[in-house]
Amino acid sequence: MDSPEIEHFWVNKNRIEKRSVYKVNMSKHPGDDPALINHFLDCLAGTAKPAMPVSLAAKHLDILFRILGK
């Protein structure tokens with residue numbers, strides 16, 4: 001459930017000079033959750049292959065955990 005607002009900052013010499021907030025109308029965009037859940041269940045049932053190989057997903061998670069660990 002991400003916010004439909006996007007914040008844009010302009011930074012000059014480590015100081016925020018300007019901040020703008022844009023609201024995105026998502027009323028006509030269905031969420032991706034049902035499609036992702038259905039794909040996951042299909043993978044568990046053996047009727048589909050994962051969209052991303054587990055080894056690649058593990059590399060992506062490792063990168064994210066290293067970023068968060070800093």
# chains A, B, ... in the order shown; residues from 1 in each chain; ligands from 1

call {"tool": "select_by_dssp", "arguments": {"residues": "chain A", "states": "alpha helix (DSSP H)", "output": "PyMOL selection string"}}
result
chain A and resi 33-45+54-69

call {"tool": "residues_around", "arguments": {"residues": "Val21 (chain A)", "least_positions_apart": "6", "cutoff": "12 Å", "atoms": "only C-alpha atoms", "output": "MDAnalysis selection string"}}
result
chainID A and resid 3:10

call {"tool": "select_by_dssp", "arguments": {"residues": "chain A", "states": "strand (DSSP E)", "output": "list in words"}}
result
Glu5, Ile6, Glu7, His8, Phe9, Trp10, Val11, Asn12, Arg15, Ile16, Glu17, Lys18, Arg19, Ser20, Val21, Tyr22 and Lys23 of chain A

call {"tool": "atom_distance", "arguments": {"atom1": "CA of Met26 (chain A)", "atom2": "CA of Ala51 (chain A)"}}
result
25.2 Å

call {"tool": "atom_distance", "arguments": {"atom1": "CA of Leu56 (chain A)", "atom2": "CA of Pro34 (chain A)"}}
result
23.0 Å

call {"tool": "atom_distance", "arguments": {"atom1": "CA of His29 (chain A)", "atom2": "CA of Asp2 (chain A)"}}
result
13.0 Å
